[in-house]
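Colleague: This is coords29.pdb, which holds PDB, C-alpha atoms:
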ATOM      1  CA  MET A   1     132.597 126.155  94.420
ATOM      2  CA  THR A   2     133.930 127.778  97.595
ATOM      3  CA  ALA A   3     136.820 130.210  98.037
ATOM      4  CA  SER A   4     138.690 130.861 101.272
ATOM      5  CA  ALA A   5     141.833 132.736 102.330
ATOM      6  CA  VAL A   6     144.729 130.609 103.613
ATOM      7  CA  GLU A   7     148.321 131.254 104.529
ATOM      8  CA  PHE A   8     151.096 129.138 103.028
ATOM      9  CA  ASN A   9     154.774 129.735 103.789
ATOM     10  CA  HIS A  10     153.751 132.961 105.480
ATOM     11  CA  GLU A  11     152.190 134.223 102.260
ATOM     12  CA  PRO A  12     148.445 134.773 101.664
ATOM     13  CA  HIS A  13     146.762 132.485  99.138
ATOM     14  CA  VAL A  14     143.223 131.854  97.953
ATOM     15  CA  LEU A  15     142.012 128.255  98.168
ATOM     16  CA  ILE A  16     139.291 127.371  95.668
ATOM     17  CA  GLU A  17     137.352 124.126  96.177
ATOM     18  CA  PHE A  18     135.053 122.499  93.643
ATOM     19  CA  LYS A  19     132.442 120.029  94.888
ATOM     20  CA  GLN A  20     129.882 118.096  92.936
ATOM     21  CA  ILE A  21     126.539 118.937  94.527
ATOM     22  CA  ASP A  22     124.203 117.012  92.227
ATOM     23  CA  GLN A  23     123.704 114.282  94.821
ATOM     24  CA  GLN A  24     123.092 116.758  97.644
ATOM     25  CA  LYS A  25     120.585 118.648  95.485
ATOM     26  CA  GLN A  26     118.814 115.388  94.639
ATOM     27  CA  ILE A  27     118.660 114.389  98.307
ATOM     28  CA  SER A  28     117.269 117.807  99.275
ATOM     29  CA  LEU A  29     114.671 117.576  96.512
ATOM     30  CA  GLU A  30     113.612 114.076  97.589
ATOM     31  CA  VAL A  31     113.317 115.153 101.240
ATOM     32  CA  PHE A  32     111.237 118.203 100.224
ATOM     33  CA  GLN A  33     108.965 116.065  98.018
ATOM     34  CA  GLN A  34     108.575 113.540 100.832
ATOM     35  CA  GLN A  35     107.541 116.282 103.268
ATOM     36  CA  GLN A  36     105.074 117.697 100.755
ATOM     37  CA  TRP A  37     103.621 114.235 100.108
ATOM     38  CA  ILE A  38     103.185 113.598 103.855
ATOM     39  CA  ALA A  39     101.431 116.972 104.273
ATOM     40  CA  ALA A  40      99.099 116.277 101.333
ATOM     41  CA  ARG A  41      98.373 112.747 102.565
ATOM     42  CA  ASP A  42      97.583 113.931 106.108
ATOM     43  CA  LEU A  43      95.256 116.634 104.752
ATOM     44  CA  ILE A  44      93.387 114.127 102.587
ATOM     45  CA  LYS A  45      93.141 111.654 105.472
ATOM     46  CA  GLY A  46      91.693 114.353 107.724
ATOM     47  CA  LEU A  47      89.057 115.218 105.125
ATOM     48  CA  ALA A  48      88.292 111.534 104.575
ATOM     49  CA  HIS A  49      87.636 111.018 108.292
ATOM     50  CA  GLU A  50      85.281 114.001 108.335
ATOM     51  CA  ILE A  51      83.372 112.623 105.331
ATOM     52  CA  LYS A  52      83.120 109.007 106.489
ATOM     53  CA  ASN A  53      80.951 109.517 109.581
ATOM     54  CA  PRO A  54      78.169 111.513 107.835
ATOM     55  CA  LEU A  55      78.216 108.965 105.012
ATOM     56  CA  GLY A  56      77.473 106.192 107.498
ATOM     57  CA  GLY A  57      74.576 108.180 108.919
ATOM     58  CA  LEU A  58      73.246 108.914 105.435
ATOM     59  CA  ARG A  59      73.329 105.238 104.481
ATOM     60  CA  GLY A  60      71.656 104.179 107.734
ATOM     61  CA  ALA A  61      68.865 106.727 107.299
ATOM     62  CA  ALA A  62      68.318 105.565 103.698
ATOM     63  CA  GLN A  63      68.059 101.940 104.872
ATOM     64  CA  LEU A  64      65.423 102.847 107.483
ATOM     65  CA  LEU A  65      63.484 104.935 104.993
ATOM     66  CA  ASN A  66      63.668 102.110 102.454
ATOM     67  CA  LYS A  67      61.600  99.880 104.757
ATOM     68  CA  GLU A  68      58.798 102.444 104.919
ATOM     69  CA  LEU A  69      58.415 103.031 101.186
ATOM     70  CA  ASP A  70      56.597 101.087  98.512
ATOM     71  CA  GLU A  71      58.514  99.161  95.870
ATOM     72  CA  GLU A  72      58.435 101.956  93.290
ATOM     73  CA  GLN A  73      59.830 104.567  95.673
ATOM     74  CA  GLN A  74      62.519 102.203  97.013
ATOM     75  CA  GLU A  75      64.390 102.771  93.775
ATOM     76  CA  TYR A  76      65.454 106.194  95.086
ATOM     77  CA  THR A  77      66.660 105.015  98.497
ATOM     78  CA  GLU A  78      68.501 102.105  96.897
ATOM     79  CA  MET A  79      70.321 104.601  94.688
ATOM     80  CA  ILE A  80      71.286 106.618  97.798
ATOM     81  CA  ILE A  81      72.602 103.463  99.490
ATOM     82  CA  GLU A  82      74.540 102.437  96.387
ATOM     83  CA  GLN A  83      76.179 105.847  96.013
ATOM     84  CA  ALA A  84      76.930 106.022  99.751
ATOM     85  CA  ASP A  85      78.695 102.647  99.475
ATOM     86  CA  ARG A  86      80.673 103.868  96.463
ATOM     87  CA  LEU A  87      81.797 106.998  98.312
ATOM     88  CA  THR A  88      82.639 104.972 101.428
ATOM     89  CA  ASN A  89      84.857 102.740  99.318
ATOM     90  CA  LEU A  90      86.581 105.818  97.898
ATOM     91  CA  VAL A  91      87.076 107.266 101.395
ATOM     92  CA  ASP A  92      88.547 103.956 102.618
ATOM     93  CA  ARG A  93      91.039 104.081  99.750
ATOM     94  CA  LEU A  94      91.915 107.669 100.650
ATOM     95  CA  LEU A  95      92.576 106.622 104.252
ATOM     96  CA  GLY A  96      94.956 103.960 102.973
ATOM     97  CA  PRO A  97      96.050 100.673 104.529
ATOM     98  CA  ASN A  98      95.717 100.492 108.301
ATOM     99  CA  GLN A  99      97.492  97.209 108.992
ATOM    100  CA  LEU A 100     101.028  97.076 110.332
ATOM    101  CA  PRO A 101     103.611  95.521 107.993
ATOM    102  CA  GLN A 102     104.271  91.799 108.350
ATOM    103  CA  ILE A 103     108.037  91.701 107.820
ATOM    104  CA  GLU A 104     109.500  88.360 106.750
ATOM    105  CA  SER A 105     112.208  87.094 104.396
ATOM    106  CA  HIS A 106     111.014  86.710 100.817
ATOM    107  CA  ASN A 107     112.427  86.213  97.366
ATOM    108  CA  ILE A 108     111.538  89.460  95.602
ATOM    109  CA  HIS A 109     111.169  87.654  92.276
ATOM    110  CA  SER A 110     108.519  85.323  93.725
ATOM    111  CA  VAL A 111     106.582  88.437  94.772
ATOM    112  CA  LEU A 112     106.888  89.917  91.265
ATOM    113  CA  GLU A 113     105.786  86.642  89.679
ATOM    114  CA  LYS A 114     102.555  86.849  91.700
ATOM    115  CA  VAL A 115     102.004  90.305  90.219
ATOM    116  CA  CYS A 116     102.512  88.886  86.710
ATOM    117  CA  GLN A 117     100.035  86.096  87.452
ATOM    118  CA  VAL A 118      97.367  88.549  88.642
ATOM    119  CA  VAL A 119      97.884  90.762  85.574
ATOM    120  CA  ASN A 120      97.627  87.820  83.159
ATOM    121  CA  PHE A 121      94.387  86.643  84.747
ATOM    122  CA  SER A 122      92.696  90.023  85.195
ATOM    123  CA  HIS A 123      93.287  91.769  81.859
ATOM    124  CA  GLU A 124      91.557  90.775  78.650
ATOM    125  CA  GLN A 125      93.982  92.539  76.335
ATOM    126  CA  THR A 126      97.299  90.893  75.548
ATOM    127  CA  ILE A 127      99.986  92.350  77.790
ATOM    128  CA  GLU A 128     103.544  91.169  77.190
ATOM    129  CA  LEU A 129     105.283  91.100  80.551
ATOM    130  CA  LYS A 130     109.028  90.825  80.205
ATOM    131  CA  ARG A 131     111.294  89.847  83.090
ATOM    132  CA  ASP A 132     114.778  91.263  83.522
ATOM    133  CA  TYR A 133     115.698  89.849  86.909
ATOM    134  CA  ASP A 134     119.048  89.830  88.691
ATOM    135  CA  PRO A 135     119.271  86.238  90.007
ATOM    136  CA  SER A 136     122.028  87.183  92.476
ATOM    137  CA  ILE A 137     119.620  89.190  94.667
ATOM    138  CA  PRO A 138     119.207  87.341  97.991
ATOM    139  CA  ALA A 139     116.028  87.060 100.032
ATOM    140  CA  ILE A 140     115.026  90.393 101.557
ATOM    141  CA  LYS A 141     112.959  91.316 104.591
ATOM    142  CA  CYS A 142     109.680  92.887 103.513
ATOM    143  CA  ASP A 143     105.899  92.645 103.669
ATOM    144  CA  GLN A 144     105.221  90.688 100.500
ATOM    145  CA  GLU A 145     101.524  91.629 100.374
ATOM    146  CA  LYS A 146     102.262  95.348 100.505
ATOM    147  CA  ILE A 147     105.108  95.119  97.969
ATOM    148  CA  GLN A 148     102.876  93.076  95.671
ATOM    149  CA  GLN A 149     100.030  95.597  95.913
ATOM    150  CA  ALA A 150     102.340  98.579  95.367
ATOM    151  CA  VAL A 151     103.931  97.024  92.265
ATOM    152  CA  LEU A 152     100.528  95.890  90.968
ATOM    153  CA  ASN A 153      99.172  99.451  91.233
ATOM    154  CA  ILE A 154     102.083 100.779  89.179
ATOM    155  CA  VAL A 155     101.790  97.989  86.593
ATOM    156  CA  ASN A 156      98.066  98.722  86.249
ATOM    157  CA  ASN A 157      98.911 102.398  85.675
ATOM    158  CA  ALA A 158     101.347 101.335  82.958
ATOM    159  CA  ILE A 159      98.695  99.128  81.322
ATOM    160  CA  GLN A 160      96.332 102.097  81.136
ATOM    161  CA  ALA A 161      99.041 104.188  79.464
ATOM    162  CA  ILE A 162     100.165 101.771  76.749
ATOM    163  CA  SER A 163      98.444 100.512  73.638
ATOM    164  CA  ALA A 164      97.309  96.932  73.087
ATOM    165  CA  ASN A 165     100.091  94.355  72.625
ATOM    166  CA  ASN A 166     102.710  96.681  74.081
ATOM    167  CA  LYS A 167     105.361  95.579  76.537
ATOM    168  CA  ILE A 168     105.918  96.114  80.234
ATOM    169  CA  THR A 169     109.265  95.111  81.723
ATOM    170  CA  LEU A 170     109.837  94.216  85.370
ATOM    171  CA  LYS A 171     113.501  94.748  86.169
ATOM    172  CA  THR A 172     115.439  94.113  89.384
ATOM    173  CA  ARG A 173     118.934  95.251  90.280
ATOM    174  CA  ILE A 174     121.109  95.745  93.338
ATOM    175  CA  ALA A 175     121.602  99.440  94.130
ATOM    176  CA  SER A 176     124.444 100.543  96.392
ATOM    177  CA  ASN A 177     124.970 103.651  98.532
ATOM    178  CA  LYS A 178     121.497 105.080  98.069
ATOM    179  CA  THR A 179     119.766 107.759 100.105
ATOM    180  CA  ILE A 180     116.165 106.804 100.884
ATOM    181  CA  ASN A 181     113.994 109.302 102.761
ATOM    182  CA  GLY A 182     117.122 111.120 103.911
ATOM    183  CA  LYS A 183     118.866 107.968 105.200
ATOM    184  CA  GLN A 184     121.982 106.412 103.726
ATOM    185  CA  VAL A 185     121.484 102.783 102.674
ATOM    186  CA  LYS A 186     124.486 100.663 101.681
ATOM    187  CA  LEU A 187     122.580  98.072  99.676
ATOM    188  CA  ALA A 188     119.026  98.124  98.364
ATOM    189  CA  VAL A 189     116.893  96.310  95.822
ATOM    190  CA  LYS A 190     115.734  98.467  92.927
ATOM    191  CA  ILE A 191     112.546  97.404  91.138
ATOM    192  CA  SER A 192     111.865  99.141  87.827
ATOM    193  CA  ILE A 193     108.528  98.974  85.975
ATOM    194  CA  ILE A 194     109.238 100.061  82.406
ATOM    195  CA  ASP A 195     106.627 100.635  79.700
ATOM    196  CA  ASP A 196     106.723 102.116  76.213
ATOM    197  CA  GLY A 197     103.803 104.466  76.739
ATOM    198  CA  PRO A 198     103.806 108.248  76.212
ATOM    199  CA  GLY A 199     105.360 109.018  79.601
ATOM    200  CA  ILE A 200     104.252 111.190  82.502
ATOM    201  CA  PRO A 201     103.108 114.752  81.663
ATOM    202  CA  VAL A 202     105.743 117.256  82.783
ATOM    203  CA  GLU A 203     103.221 119.352  84.730
ATOM    204  CA  ILE A 204     102.430 116.548  87.207
ATOM    205  CA  GLN A 205     105.837 114.887  87.547
ATOM    206  CA  ASP A 206     106.633 116.645  90.841
ATOM    207  CA  THR A 207     103.237 115.835  92.388
ATOM    208  CA  LEU A 208     102.640 112.432  90.823
ATOM    209  CA  PHE A 209     102.403 110.563  94.132
ATOM    210  CA  TYR A 210     100.064 113.069  95.788
ATOM    211  CA  PRO A 211      96.490 111.868  96.413
ATOM    212  CA  MET A 212      93.968 112.842  93.719
ATOM    213  CA  VAL A 213      96.670 113.714  91.136
ATOM    214  CA  SER A 214      96.180 111.871  87.850
ATOM    215  CA  GLY A 215      97.227 112.232  84.243
ATOM    216  CA  ARG A 216      93.956 110.658  83.051
ATOM    217  CA  THR A 217      90.678 112.551  82.870
ATOM    218  CA  ASN A 218      88.784 109.707  84.561
ATOM    219  CA  GLY A 219      91.551 108.732  86.990
ATOM    220  CA  THR A 220      91.157 108.926  90.780
ATOM    221  CA  GLY A 221      94.836 109.592  91.425
ATOM    222  CA  LEU A 222      94.909 107.047  94.251
ATOM    223  CA  GLY A 223      96.877 104.121  92.809
ATOM    224  CA  LEU A 224     100.328 105.710  93.031
ATOM    225  CA  SER A 225      99.528 107.497  96.283
ATOM    226  CA  ILE A 226      98.557 104.174  97.875
ATOM    227  CA  SER A 227     101.735 102.590  96.471
ATOM    228  CA  GLN A 228     103.786 105.367  98.080
ATOM    229  CA  THR A 229     102.032 104.796 101.417
ATOM    230  CA  LEU A 230     102.628 101.040 101.230
ATOM    231  CA  ILE A 231     106.316 101.438 100.426
ATOM    232  CA  ASN A 232     106.834 104.015 103.187
ATOM    233  CA  GLN A 233     105.345 101.797 105.889
ATOM    234  CA  ARG A 234     107.995 100.347 108.167
TER     235      ARG A 234
END
Written as structure tokens, how would this file's structure read?
Modeller:
Amino acid sequence: MTASAVEFNHEPHVLIEFKQIDQQKQISLEVFQQQQWIAARDLIKGLAHEIKNPLGGLRGAAQLLNKELDEEQQEYTEMIIEQADRLTNLVDRLLGPNQLPQIESHNIHSVLEKVCQVVNFSHEQTIELKRDYDPSIPAIKCDQEKIQQAVLNIVNNAIQAISANNKITLKTRIASNKTINGKQVKLAVKISIIDDGPGIPVEIQDTLFYPMVSGRTNGTGLGLSISQTLINQR
């Protein structure tokens, strides 16, 4: 609400204006969260770069030492090499994808069906994947590999949150007049991954897409962060 003094017919009046600011507040919040996510991602990437080089040297030294030891002692150097490889893999995931997007026209539902196929083949428990697709959505320009990986990461998170035989729904709709990263978009495709799990803990909802933030005790907190990076690549 704003109030201002105006003159009408040579008499002073007060003009009161009411404006709905929910959308502006939401846009400001999204921009702030985006800036915070970028800062957190850049910090993690900087640390990952600093860690990766010494890890390579450590692994190389362990390989050289392994050749000089007898079979019984090689068990220790092999453990060093194995753990160095594990940490290198973690660091590579922290650094995120380094390939430029390959933008082409794709049917978004074909991309989602590939996700469903991977899930059905890679999970032993019975997961009921429901489709709620909008068939009127035309082909869109995107990198299908990156979209597929981003959606797959989120679906895998949902699978870890639900019980056996529960449902996950993949839903597509056209969204109009949306603000994405501070830019107005007339038409967009909205993909929803819906599960009937317990939901996201309130205390991590604002930082959910930050690296190393997870609602699970044994989670790495990288799946959603990588999804965010993939989606934000142009």
Colleague: How many Å separate CA of Ala61 (chain A) from CA of Met79 (chain A)?
Modeller: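 A separation of 12.9 Å between them.
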Colleague: Given the file above and the PyMOL selection byres ((chain A and resi 82-89) around 10), which residues are selected, and can you give them as number ranges by chain?
Modeller: A: 48, 51-60, 62, 76-81, 90-95
Colleague: Suppose we keep C-alpha atoms; can you now write the selection as a PDB file, in the coordinates of the input?
Modeller:
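File written: again.pdb
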ATOM      1  CA  ALA A  48      88.292 111.534 104.575  1.00  0.00           C
ATOM      2  CA  ILE A  51      83.372 112.623 105.331  1.00  0.00           C
ATOM      3  CA  LYS A  52      83.120 109.007 106.489  1.00  0.00           C
ATOM      4  CA  ASN A  53      80.951 109.517 109.581  1.00  0.00           C
ATOM      5  CA  PRO A  54      78.169 111.513 107.835  1.00  0.00           C
ATOM      6  CA  LEU A  55      78.216 108.965 105.012  1.00  0.00           C
ATOM      7  CA  GLY A  56      77.473 106.192 107.498  1.00  0.00           C
ATOM      8  CA  GLY A  57      74.576 108.180 108.919  1.00  0.00           C
ATOM      9  CA  LEU A  58      73.246 108.914 105.435  1.00  0.00           C
ATOM     10  CA  ARG A  59      73.329 105.238 104.481  1.00  0.00           C
ATOM     11  CA  GLY A  60      71.656 104.179 107.734  1.00  0.00           C
ATOM     12  CA  ALA A  62      68.318 105.565 103.698  1.00  0.00           C
ATOM     13  CA  TYR A  76      65.454 106.194  95.086  1.00  0.00           C
ATOM     14  CA  THR A  77      66.660 105.015  98.497  1.00  0.00           C
ATOM     15  CA  GLU A  78      68.501 102.105  96.897  1.00  0.00           C
ATOM     16  CA  MET A  79      70.321 104.601  94.688  1.00  0.00           C
ATOM     17  CA  ILE A  80      71.286 106.618  97.798  1.00  0.00           C
ATOM     18  CA  ILE A  81      72.602 103.463  99.490  1.00  0.00           C
ATOM     19  CA  LEU A  90      86.581 105.818  97.898  1.00  0.00           C
ATOM     20  CA  VAL A  91      87.076 107.266 101.395  1.00  0.00           C
ATOM     21  CA  ASP A  92      88.547 103.956 102.618  1.00  0.00           C
ATOM     22  CA  ARG A  93      91.039 104.081  99.750  1.00  0.00           C
ATOM     23  CA  LEU A  94      91.915 107.669 100.650  1.00  0.00           C
ATOM     24  CA  LEU A  95      92.576 106.622 104.252  1.00  0.00           C
TER      25      LEU A  95
END
Colleague: In Å to one decimal, how far is CA of Gly197 (chain A) from CA of Ile154 (chain A)?
Modeller: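 For CA of Ile154 (chain A) relative to CA of Gly197 (chain A), the distance reads 13.1 Å.
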Colleague: Kindly give the distance, in Å, that separates CA of Ile168 (chain A) and CA of Val119 (chain A), rounded to a single decimal.
Modeller: 11.0 Å
Colleague: Near Gln144 (chain A), counting all atoms listed in the file, which residues have an atom at most 9 Å away, once you skip same-chain residues fewer than 2 positions from it, shown as a PyMOL selection string?
Modeller: chain A and resi 102-106+108+111+141-142+146-149
Colleague: Within 12 Å of His123 (chain A), counting only C-alpha atoms, which residues qualify if same-chain residues fewer than 4 places away don't, as number ranges by chain?
Modeller: A: 116-119, 127-128, 155-156, 159-160, 164-165
Colleague: Go through A:Ile204, A:Leu170, A:Leu224, A:Leu187 one by one, measure the shortest atom-to-atom distance of each to Ala150 (chain A) using all atoms listed in the file, and give the residue with the smallest value.
Modeller: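 For Ala150 (chain A), the nearest of the candidates is A:Leu224.
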Colleague: Quick one: everything within 12 Å of Pro198 (chain A), counting only C-alpha atoms, minus sequence neighbours fewer than 4 positions away in the same chain. Send it as a ChimeraX atom specification.
Modeller: /A:158-163,166,194,202,215
Colleague: Could you write out that same residue set with C-alpha atoms as a tab-separated table (two decimals), in the frame of the given file?
Modeller:
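Result file part13.tsv:
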chain	number	residue	atom	x	y	z
A	158	ALA	CA	101.35	101.34	82.96
A	159	ILE	CA	98.70	99.13	81.32
A	160	GLN	CA	96.33	102.10	81.14
A	161	ALA	CA	99.04	104.19	79.46
A	162	ILE	CA	100.16	101.77	76.75
A	163	SER	CA	98.44	100.51	73.64
A	166	ASN	CA	102.71	96.68	74.08
A	194	ILE	CA	109.24	100.06	82.41
A	202	VAL	CA	105.74	117.26	82.78
A	215	GLY	CA	97.23	112.23	84.24
Colleague: Could you give me region 67-83 of chain A completed to N, CA and C atoms, formatted as an mmCIF file, keeping the file's coordinate frame?
Modeller:
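Result file follows (result-v1.cif):
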data_model
loop_
_atom_site.group_PDB
_atom_site.id
_atom_site.type_symbol
_atom_site.label_atom_id
_atom_site.label_comp_id
_atom_site.auth_asym_id
_atom_site.auth_seq_id
_atom_site.Cartn_x
_atom_site.Cartn_y
_atom_site.Cartn_z
ATOM 1 N N LYS A 67 62.576 100.834 104.208
ATOM 2 C CA LYS A 67 61.600 99.880 104.757
ATOM 3 C C LYS A 67 60.188 100.467 104.798
ATOM 4 N N GLU A 68 60.102 101.798 104.789
ATOM 5 C CA GLU A 68 58.798 102.444 104.919
ATOM 6 C C GLU A 68 58.165 102.781 103.571
ATOM 7 N N LEU A 69 58.901 102.622 102.496
ATOM 8 C CA LEU A 69 58.415 103.031 101.186
ATOM 9 C C LEU A 69 57.890 101.849 100.382
ATOM 10 N N ASP A 70 57.059 102.158 99.397
ATOM 11 C CA ASP A 70 56.597 101.087 98.512
ATOM 12 C C ASP A 70 57.705 100.752 97.507
ATOM 13 N N GLU A 71 57.474 99.698 96.747
ATOM 14 C CA GLU A 71 58.514 99.161 95.870
ATOM 15 C C GLU A 71 58.980 100.176 94.831
ATOM 16 N N GLU A 72 58.067 100.981 94.314
ATOM 17 C CA GLU A 72 58.435 101.956 93.290
ATOM 18 C C GLU A 72 59.340 103.035 93.849
ATOM 19 N N GLN A 73 59.033 103.495 95.071
ATOM 20 C CA GLN A 73 59.830 104.567 95.673
ATOM 21 C C GLN A 73 61.169 104.072 96.227
ATOM 22 N N GLN A 74 61.274 102.765 96.485
ATOM 23 C CA GLN A 74 62.519 102.203 97.013
ATOM 24 C C GLN A 74 63.692 102.355 96.035
ATOM 25 N N GLU A 75 63.338 102.583 94.778
ATOM 26 C CA GLU A 75 64.390 102.771 93.775
ATOM 27 C C GLU A 75 65.288 103.950 94.153
ATOM 28 N N TYR A 76 64.696 104.994 94.740
ATOM 29 C CA TYR A 76 65.454 106.194 95.086
ATOM 30 C C TYR A 76 66.352 105.950 96.299
ATOM 31 N N THR A 77 65.831 105.284 97.315
ATOM 32 C CA THR A 77 66.660 105.015 98.497
ATOM 33 C C THR A 77 67.770 104.014 98.179
ATOM 34 N N GLU A 78 67.471 103.069 97.295
ATOM 35 C CA GLU A 78 68.501 102.105 96.897
ATOM 36 C C GLU A 78 69.639 102.798 96.153
ATOM 37 N N MET A 79 69.281 103.832 95.373
ATOM 38 C CA MET A 79 70.321 104.601 94.688
ATOM 39 C C MET A 79 71.179 105.353 95.699
ATOM 40 N N ILE A 80 70.541 105.913 96.754
ATOM 41 C CA ILE A 80 71.286 106.618 97.798
ATOM 42 C C ILE A 80 72.246 105.663 98.495
ATOM 43 N N ILE A 81 71.762 104.457 98.815
ATOM 44 C CA ILE A 81 72.602 103.463 99.490
ATOM 45 C C ILE A 81 73.775 103.054 98.599
ATOM 46 N N GLU A 82 73.489 102.852 97.329
ATOM 47 C CA GLU A 82 74.540 102.437 96.387
ATOM 48 C C GLU A 82 75.629 103.504 96.262
ATOM 49 N N GLN A 83 75.199 104.771 96.150
ATOM 50 C CA GLN A 83 76.179 105.847 96.013
ATOM 51 C C GLN A 83 76.940 106.088 97.324
#
